[in-house]
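Coordinates from query.cif are shown below (mmCIF, C-alpha atoms).
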```
data_start
loop_
_atom_site.label_atom_id
_atom_site.label_comp_id
_atom_site.auth_asym_id
_atom_site.auth_seq_id
_atom_site.Cartn_x
_atom_site.Cartn_y
_atom_site.Cartn_z
CA LYS A 1 13.82 10.08 12.64
CA TYR A 2 11.14 11.87 10.64
CA THR A 3 9.37 15.16 11.25
CA TRP A 4 5.69 14.59 10.54
CA ARG A 5 4.22 17.44 8.49
CA GLY A 6 0.92 15.87 7.45
CA ASN A 7 -2.44 15.68 9.12
CA VAL A 8 -3.90 12.75 11.02
CA ARG A 9 -5.64 11.34 7.92
CA GLU A 10 -2.33 11.30 6.04
CA LEU A 11 -0.70 9.53 8.97
CA GLN A 12 -3.49 6.94 8.94
CA HIS A 13 -2.92 6.34 5.21
CA VAL A 14 0.83 5.96 5.71
CA VAL A 15 0.27 3.36 8.43
CA GLU A 16 -2.32 1.50 6.33
CA ARG A 17 0.07 1.39 3.36
CA ALA A 18 2.85 0.11 5.60
CA VAL A 19 0.56 -2.68 6.82
CA ILE A 20 -0.46 -3.57 3.26
CA PHE A 21 3.08 -3.66 1.88
CA SER A 22 4.80 -5.23 4.88
CA ASP A 23 5.66 -8.90 4.72
CA ASP A 24 6.20 -9.06 8.48
CA SER A 25 3.67 -9.20 11.32
CA LEU A 26 5.57 -6.44 13.14
CA LEU A 27 6.05 -3.05 11.48
CA CYS A 28 9.53 -1.58 11.61
CA ALA A 29 10.59 1.88 10.48
CA ASP A 30 11.73 0.39 7.18
CA ALA A 31 8.11 -0.51 6.34
CA PHE A 32 7.03 3.11 6.06
CA LEU A 33 7.10 5.10 2.85
CA PHE A 34 7.81 8.72 3.58
CA ARG A 35 7.57 11.65 1.25
CA SER A 36 11.15 11.26 0.19
CA GLY A 37 9.87 8.20 -1.68
CA GLU A 38 12.60 5.98 -0.31
CA ARG A 39 11.77 2.70 1.34
CA ASN A 40 15.11 1.01 1.00
CA SER A 41 18.19 2.22 -0.74
CA PRO A 42 18.18 1.63 -4.51
CA GLY A 43 19.45 -1.75 -5.54
CA LYS A 44 18.29 -3.54 -2.39
CA GLN A 45 14.91 -4.44 -3.84
CA GLU A 46 13.44 -5.14 -7.23
CA ILE A 47 11.95 -2.10 -8.94
CA LEU A 48 8.36 -2.71 -10.04
CA ASN A 49 6.51 -0.69 -12.65
CA LEU A 50 3.34 1.09 -11.55
CA LYS A 51 0.98 -1.56 -12.92
CA GLN A 52 2.81 -4.30 -11.03
CA LEU A 53 2.92 -2.21 -7.87
CA GLU A 54 -0.79 -1.44 -8.09
CA ARG A 55 -1.68 -5.10 -8.69
CA GLU A 56 0.44 -6.18 -5.71
CA ALA A 57 -1.16 -3.54 -3.48
CA VAL A 58 -4.65 -4.67 -4.49
CA GLU A 59 -3.83 -8.33 -3.86
CA ARG A 60 -2.30 -7.60 -0.45
CA ALA A 61 -5.24 -5.40 0.58
CA ILE A 62 -7.71 -8.14 -0.34
CA LYS A 63 -5.67 -10.72 1.56
CA LEU A 64 -5.29 -8.43 4.58
CA SER A 65 -9.04 -7.76 4.63
CA GLY A 66 -9.89 -11.46 4.44
CA GLY A 67 -11.66 -10.91 1.13
CA ASN A 68 -13.80 -8.03 2.39
CA MET A 69 -13.79 -5.73 -0.64
CA THR A 70 -15.10 -2.70 1.24
CA ARG A 71 -12.31 -2.93 3.79
CA ALA A 72 -9.70 -3.64 1.08
CA ALA A 73 -10.81 -0.50 -0.74
CA GLU A 74 -10.51 1.48 2.50
CA TYR A 75 -6.97 0.17 3.02
CA LEU A 76 -6.09 1.37 -0.47
CA GLY A 77 -7.79 4.74 -0.04
CA ILE A 78 -10.18 4.16 -2.95
CA THR A 79 -13.87 3.38 -3.34
CA ARG A 80 -15.14 -0.18 -3.60
CA PHE A 81 -16.30 0.61 -7.14
CA ALA A 82 -12.76 1.73 -8.07
CA LEU A 83 -11.38 -1.49 -6.58
CA TYR A 84 -13.72 -3.58 -8.73
CA ARG A 85 -12.66 -1.60 -11.82
CA LYS A 86 -9.01 -2.32 -11.03
CA LEU A 87 -9.80 -6.02 -10.69
CA GLU A 88 -11.57 -6.05 -14.07
CA LYS A 89 -8.52 -4.64 -15.88
CA PRO A 90 -6.57 -7.38 -17.62
CA ASP A 91 -2.89 -7.68 -16.82
CA GLU A 92 -0.91 -6.25 -19.69
#
```
For the file at hand, write its structure as structure tokens.
Amino acid sequence: KYTWRGNVRELQHVVERAVIFSDDSLLCADAFLFRSGERNSPGKQEILNLKQLEREAVERAIKLSGGNMTRAAEYLGITRFALYRKLEKPDE
């Protein structure tokens, strides 16, 4: 149970992120990241650094959009130009 305190746009972004990060075709409550920052309890999943997490989010958004970069950028909440810049960055 979660009391929603955000606006509709924030809700849309939360749902989009859940779709991007979910491995399942059906979203369950566990797929949503709430402001507490907890998705699963610590220790149940591998902890990724921010660069890895960003790269994974970009890859999933591109896959989810069927390669449509404009839509992938929308899923991520960034501009298409910003998405291309992220893709140009070498993995470190």
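Of the listed residues A:Asn49, A:Arg80, A:Tyr75, A:Val8, the one whose atoms come nearest to Lys63 of chain A is A:Tyr75, with distances taken using all atoms listed in the file.
Closest approach to Leu76 of chain A from the set A:Ala57, A:Leu50, A:Ala18, A:Leu11 is made by A:Ala57, with distances taken over only C-alpha atoms.
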TODO: Can you pull out every residue within 10 Å of Glu74 of chain A, counting only C-alpha atoms, but drop anything in the same chain fewer than 4 positions away, and send it as a list in words?
DONE: His13, Glu16, Ala61, Ser65, Met69, Thr70, Ile78, Thr79, Arg80 and Leu83 of chain A
Quick one: write out the picked residues with C-alpha atoms as a compact mmCIF listing (two decimals), in the coordinates of the input?
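What ended up in out.txt:
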```txt
# COMPACT_ATOMS: atom_id res chain seq x y z
CA HIS A 13 -2.92 6.34 5.21
CA GLU A 16 -2.32 1.50 6.33
CA ALA A 61 -5.24 -5.40 0.58
CA SER A 65 -9.04 -7.76 4.63
CA MET A 69 -13.79 -5.73 -0.64
CA THR A 70 -15.10 -2.70 1.24
CA ILE A 78 -10.18 4.16 -2.95
CA THR A 79 -13.87 3.38 -3.34
CA ARG A 80 -15.14 -0.18 -3.60
CA LEU A 83 -11.38 -1.49 -6.58
```
Mind checking which residues fall within 12 Å of Cys28 of chain A, counting all atoms listed in the file, ignoring those fewer than 6 positions away in the same chain, and posting them as a short mmCIF file (atom, residue, chain, number, x, y, z; two decimals) with C-alpha atoms, in the coordinates of the input?
```cif
data_model
loop_
_atom_site.label_atom_id
_atom_site.label_comp_id
_atom_site.auth_asym_id
_atom_site.auth_seq_id
_atom_site.Cartn_x
_atom_site.Cartn_y
_atom_site.Cartn_z
CA VAL A 15 0.27 3.36 8.43
CA ALA A 18 2.85 0.11 5.60
CA VAL A 19 0.56 -2.68 6.82
CA PHE A 21 3.08 -3.66 1.88
CA SER A 22 4.80 -5.23 4.88
CA ARG A 39 11.77 2.70 1.34
#
```
TODO: Select all residues near (-8.5, -4.1, -9.8) (cut-off 12 Å, inclusive, file coordinates), counting only C-alpha atoms, and output them as JSON, numbers by chain.
DONE: {"A": [51, 52, 53, 54, 55, 56, 57, 58, 59, 60, 61, 62, 69, 72, 73, 76, 78, 79, 80, 81, 82, 83, 84, 85, 86, 87, 88, 89, 90, 91]}
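Taking atom CA of Val14 of chain A as the reference point, atom CA of Leu26 of chain A is found at 15.2 Å.
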